[in-house]
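Participant: Take this structure first; my questions come after.
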Amino acid sequence: MVMMLIFIGVTAIVGLRLAYLSIFTDRPQASSGGAGLIPQRGDIVDRNGVVLARTIDAWSIAVHPRKVIGDKRVIAAQLAELMPEKTGEQYFAILSADKTYAYLRRRAVPELVRAVNAIGEPAIVFAREPERLYPQATLASHVLGWIDQNGNAAAGMEKVLDSRLTAPALRDKPAALSIDSRVQAAMETELTAAMVKHQAIGASGLVLDVDTGEVVAMASLPSFNPNATGRTPYETFLNKGVTNVYELGSTFKMLTVANALESGTVTSMARRYDATVPLQVGRFRIRDDHPEKRWLNVPEILVHSSNIGTARLADELGPQRTRAFFHKLGFDRKVDIELPAAGKPLWPGFWARTTTMTVAYGHGIAVTPLHLALAYAALTNGGTLRPATLIKQDKPVPGTRVISEATSARMRQLMRLVVMKGTGKRADAPGLRVGGKTGTAEKPQAGGYNRRVNVSTFAAVFPMDHPRYVVIAMLDSPKGTADTFGFTTAAWVSGPVISRVVARIGPLLGVIPDERRDVDESELLPLLWEPKGAKGHAAE
């Protein structure tokens, strides 16, 4: 009877407690158990929903050094065999340390956990903890950034979106970037192949939507794996597309011509400039790499990439208009994008006559490759400069008009002409109507420039009859090869990268090759003089 009464009493207490909880517990709190199913940090995906970063429940392997009871030398040797990133001596030092706890491996796979557990040392412990996983490994690593061992956002879009990714109300919804992982992979693959072939010390590549400012691909080489950043040199973490600034050479010639057209300095494409001999300005002499030694009209200045012709044109523009136009393009301030580590351009402190001339063809001013991409987008999209973004957009972002529609239409013709007839021939992709400009700049060094080392850049846009994307490929300090005849200019080393990237990404982005379509060049082609039998050359 006593036992029965005790049983009835306990049952009644439990029943009353359950009834109390069901009646008086606040409903939102009652359902909060489901919050455990929501990750502690939201996913990052590309524009098509492909996962680029995700928080997973991973294994960690640790040890309580003070509690080790087995032979530390034997255990250290076994650990070194299973986890060879450390030597037996290093593991022995960990096992012998005067510590209460030390990690042996984080983000361990189950097979490794089972193998370490089989050692049979009670002081080795295993736990499940949240880990940030980057399933695409090195892909877009400079865009994504990474999470440190303490779970803090360290760089990239992880840091930019930190509050968004950790907000309880939002972390169950992935954050979509503007990056297209397919385009990113194509850019990284082709850029890596060129970097290895030409033994360059670094490279940068971009694909930018000219109408929205969305960055569809952003590559910086050498790359790193955000899953394992511990031994990566600091320099590798720098995003060369937005952090490093470079003199980008003759790619600036397109900007100078656009300025001349917009300001009314040039009113006729047939107007000619003296490029018969080098231009002497004070103690400086401006030369052409492959001199034509004749008077050149505006299309020919670009087709043959004439420094002399561009300098004469800039001299007519003058420092005030040149400076004002580059200011309008944002070349005197950090590039407008979400990433916090954007580099500040090197802007001339004093615009002398020689400064104006050399800046016109990309020397004496240094900007990021993204600065250049945004400028080329404005030159070809009808004249609107928009900020860059790494967030997927539903509609175009408002921008600022920098040139007229008429000037933009003329620039589309000139860019296409450079690829059809000039230094950019090797950048063409059949049926995709590529336009753009080469740029080869000697690298600055103490006391001047190193004439043997280049930064070789190609700035391209496609398709030129209806521009949609800017593509930038830049190699830092490339070396010549047999098939480039030893040349390291952009025409030889960066142009082919553009051709291969555009051929791969065009169909992915809905640009179908069509040999029947192109820009109408009937007005400009008659202005190009070429001796009979000449095959042309690629200077830059």
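Numbering starts fresh at 1 for the residues of each chain in the structure tokens, the chains themselves are lettered A, B, ... in the order given, and ligands are numbered from 1 as they appear.
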Would you write out, as a Markdown table, a table of all residues in range 338-444 of chain A that have an atom no more than 12 Å from an atom of range 477-484 of chain A, listing for each the closest atom pair and the distance in Å to one decimal, considering only C-alpha atoms and ordering rows by chain and rising residue number?
Facilitator:
| residue | atom | partner | partner_atom | distance |
| --- | --- | --- | --- | --- |
| A:Arg426 | CA | A:Thr484 | CA | 11.3 |
| A:Thr440 | CA | A:Ser477 | CA | 10.4 |
| A:Ala441 | CA | A:Ser477 | CA | 10.0 |
| A:Glu442 | CA | A:Ser477 | CA | 9.0 |
| A:Lys443 | CA | A:Ser477 | CA | 8.1 |
| A:Pro444 | CA | A:Ser477 | CA | 11.5 |
Participant: Determine, counting only C-alpha atoms, which protein, DNA and RNA residues have an atom within 10 Å of an atom of Gly241 in chain A; residues of the same chain fewer than 5 positions away are not included. Present the result as a ChimeraX atom specification.
Facilitator: /A:142,203-206,218-221,246,342-343,367-373,472-474
Participant: Could you write out that same residue set with all heavy atoms as a compact mmCIF listing (two decimals), in the first residue's frame?
Facilitator:
# COMPACT_ATOMS: atom_id res chain seq x y z
N HIS A 142 39.60 34.99 -51.68
CA HIS A 142 39.83 36.39 -51.32
C HIS A 142 38.52 37.16 -51.17
O HIS A 142 38.47 38.18 -50.49
CB HIS A 142 40.72 37.07 -52.36
CG HIS A 142 42.14 36.61 -52.30
ND1 HIS A 142 42.59 35.51 -53.00
CD2 HIS A 142 43.21 37.10 -51.62
CE1 HIS A 142 43.88 35.35 -52.76
NE2 HIS A 142 44.29 36.29 -51.93
N ALA A 203 48.83 37.53 -59.93
CA ALA A 203 47.88 37.79 -61.01
C ALA A 203 46.55 38.21 -60.42
O ALA A 203 46.25 37.92 -59.24
CB ALA A 203 47.70 36.55 -61.89
N SER A 204 45.77 38.90 -61.23
CA SER A 204 44.44 39.34 -60.80
C SER A 204 43.49 39.27 -61.98
O SER A 204 43.89 39.56 -63.12
CB SER A 204 44.50 40.77 -60.25
OG SER A 204 43.21 41.23 -59.87
N GLY A 205 42.25 38.88 -61.71
CA GLY A 205 41.25 38.81 -62.77
C GLY A 205 39.89 39.20 -62.25
O GLY A 205 39.54 38.93 -61.09
N LEU A 206 39.10 39.86 -63.11
CA LEU A 206 37.77 40.33 -62.73
C LEU A 206 36.79 40.12 -63.87
O LEU A 206 37.15 40.22 -65.05
CB LEU A 206 37.80 41.82 -62.41
CG LEU A 206 38.56 42.30 -61.18
CD1 LEU A 206 38.83 43.80 -61.28
CD2 LEU A 206 37.75 42.01 -59.93
N MET A 218 36.06 37.40 -59.14
CA MET A 218 37.18 38.20 -58.65
C MET A 218 38.27 37.23 -58.19
O MET A 218 38.12 36.55 -57.17
CB MET A 218 36.75 39.11 -57.51
CG MET A 218 37.90 39.93 -56.92
SD MET A 218 37.36 41.01 -55.56
CE MET A 218 36.59 42.35 -56.49
N ALA A 219 39.34 37.15 -58.96
CA ALA A 219 40.42 36.21 -58.66
C ALA A 219 41.69 36.97 -58.30
O ALA A 219 42.01 37.98 -58.92
CB ALA A 219 40.67 35.31 -59.87
N SER A 220 42.39 36.45 -57.31
CA SER A 220 43.68 36.99 -56.91
C SER A 220 44.62 35.81 -56.67
O SER A 220 44.28 34.88 -55.94
CB SER A 220 43.54 37.82 -55.63
OG SER A 220 44.78 38.35 -55.21
N LEU A 221 45.77 35.84 -57.32
CA LEU A 221 46.72 34.73 -57.22
C LEU A 221 48.07 35.23 -56.72
O LEU A 221 48.48 36.34 -57.06
CB LEU A 221 46.89 34.06 -58.59
CG LEU A 221 45.63 33.47 -59.22
CD1 LEU A 221 45.95 32.91 -60.60
CD2 LEU A 221 45.02 32.40 -58.34
N TYR A 246 48.36 49.53 -58.99
CA TYR A 246 49.36 49.33 -60.04
C TYR A 246 49.27 50.47 -61.06
O TYR A 246 48.20 51.06 -61.26
CB TYR A 246 49.10 48.02 -60.79
CG TYR A 246 49.07 46.79 -59.93
CD1 TYR A 246 47.87 46.35 -59.36
CD2 TYR A 246 50.22 46.04 -59.69
CE1 TYR A 246 47.83 45.21 -58.58
CE2 TYR A 246 50.18 44.89 -58.91
CZ TYR A 246 48.98 44.48 -58.35
OH TYR A 246 48.94 43.35 -57.58
N ALA A 342 40.15 47.95 -49.14
CA ALA A 342 40.40 48.54 -50.45
C ALA A 342 41.61 49.47 -50.40
O ALA A 342 41.80 50.23 -49.44
CB ALA A 342 39.17 49.33 -50.92
N GLY A 343 42.45 49.37 -51.44
CA GLY A 343 43.67 50.17 -51.48
C GLY A 343 43.42 51.59 -51.96
O GLY A 343 42.54 51.84 -52.78
N VAL A 367 46.25 52.68 -59.65
CA VAL A 367 44.92 52.35 -59.16
C VAL A 367 44.78 50.83 -59.09
O VAL A 367 45.65 50.09 -59.55
CB VAL A 367 43.81 52.94 -60.07
CG1 VAL A 367 43.89 54.45 -60.12
CG2 VAL A 367 43.90 52.36 -61.48
N THR A 368 43.68 50.36 -58.54
CA THR A 368 43.44 48.91 -58.48
C THR A 368 42.83 48.44 -59.79
O THR A 368 42.22 49.23 -60.53
CB THR A 368 42.47 48.56 -57.34
OG1 THR A 368 41.16 49.07 -57.66
CG2 THR A 368 42.93 49.15 -56.02
N PRO A 369 42.94 47.14 -60.10
CA PRO A 369 42.26 46.61 -61.29
C PRO A 369 40.76 46.85 -61.27
O PRO A 369 40.14 47.04 -62.33
CB PRO A 369 42.60 45.12 -61.23
CG PRO A 369 43.94 45.06 -60.57
CD PRO A 369 43.87 46.15 -59.52
N LEU A 370 40.14 46.89 -60.08
CA LEU A 370 38.70 47.15 -60.01
C LEU A 370 38.37 48.58 -60.41
O LEU A 370 37.33 48.83 -61.04
CB LEU A 370 38.17 46.85 -58.61
CG LEU A 370 36.65 46.97 -58.44
CD1 LEU A 370 35.90 46.12 -59.45
CD2 LEU A 370 36.24 46.60 -57.01
N HIS A 371 39.23 49.55 -60.06
CA HIS A 371 39.05 50.92 -60.55
C HIS A 371 38.94 50.92 -62.08
O HIS A 371 38.06 51.56 -62.67
CB HIS A 371 40.25 51.80 -60.15
CG HIS A 371 40.19 52.37 -58.77
ND1 HIS A 371 40.89 51.82 -57.74
CD2 HIS A 371 39.53 53.44 -58.25
CE1 HIS A 371 40.68 52.53 -56.63
NE2 HIS A 371 39.86 53.52 -56.92
N LEU A 372 39.86 50.21 -62.71
CA LEU A 372 39.90 50.16 -64.17
C LEU A 372 38.66 49.50 -64.73
O LEU A 372 38.07 49.97 -65.72
CB LEU A 372 41.15 49.42 -64.63
CG LEU A 372 41.41 49.39 -66.14
CD1 LEU A 372 41.73 50.79 -66.66
CD2 LEU A 372 42.54 48.43 -66.48
N ALA A 373 38.22 48.41 -64.10
CA ALA A 373 37.02 47.70 -64.57
C ALA A 373 35.78 48.60 -64.53
O ALA A 373 34.98 48.63 -65.46
CB ALA A 373 36.80 46.45 -63.74
N ILE A 472 38.88 41.73 -66.87
CA ILE A 472 40.25 42.21 -66.65
C ILE A 472 41.15 41.01 -66.36
O ILE A 472 40.81 40.14 -65.57
CB ILE A 472 40.33 43.17 -65.45
CG1 ILE A 472 39.36 44.35 -65.63
CG2 ILE A 472 41.76 43.66 -65.23
CD1 ILE A 472 39.77 45.37 -66.64
N ALA A 473 42.32 40.98 -67.01
CA ALA A 473 43.34 39.97 -66.70
C ALA A 473 44.67 40.70 -66.55
O ALA A 473 45.09 41.42 -67.45
CB ALA A 473 43.42 38.91 -67.79
N MET A 474 45.32 40.51 -65.40
CA MET A 474 46.59 41.18 -65.13
C MET A 474 47.61 40.19 -64.59
O MET A 474 47.31 39.40 -63.69
CB MET A 474 46.38 42.29 -64.10
CG MET A 474 47.61 43.13 -63.82
SD MET A 474 47.61 43.79 -62.14
CE MET A 474 48.03 42.34 -61.19
Participant: Quote the spacing between CA of Ala388 in chain A and CA of His327 in chain A in Å to one decimal place.
Facilitator: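 Pair CA of Ala388 in chain A / CA of His327 in chain A returns 16.7 Å.
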Participant: Compile the contact shell of Leu279 in chain A as a list in words: residues with an atom at most 12 Å away, counting only C-alpha atoms, same-chain residues fewer than 4 positions apart removed.
Facilitator: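 Contacts, with the query itself left out: Tyr273, Asp274, Ala275, Arg283, Phe284, Arg285, Ile286, Arg287, Asp288, Pro291, Lys293, Ser306, Asn307, Ile308, Gly309, Thr310, Ala311, Arg312, Asp315, Thr354, Met357 and Thr358 of chain A.
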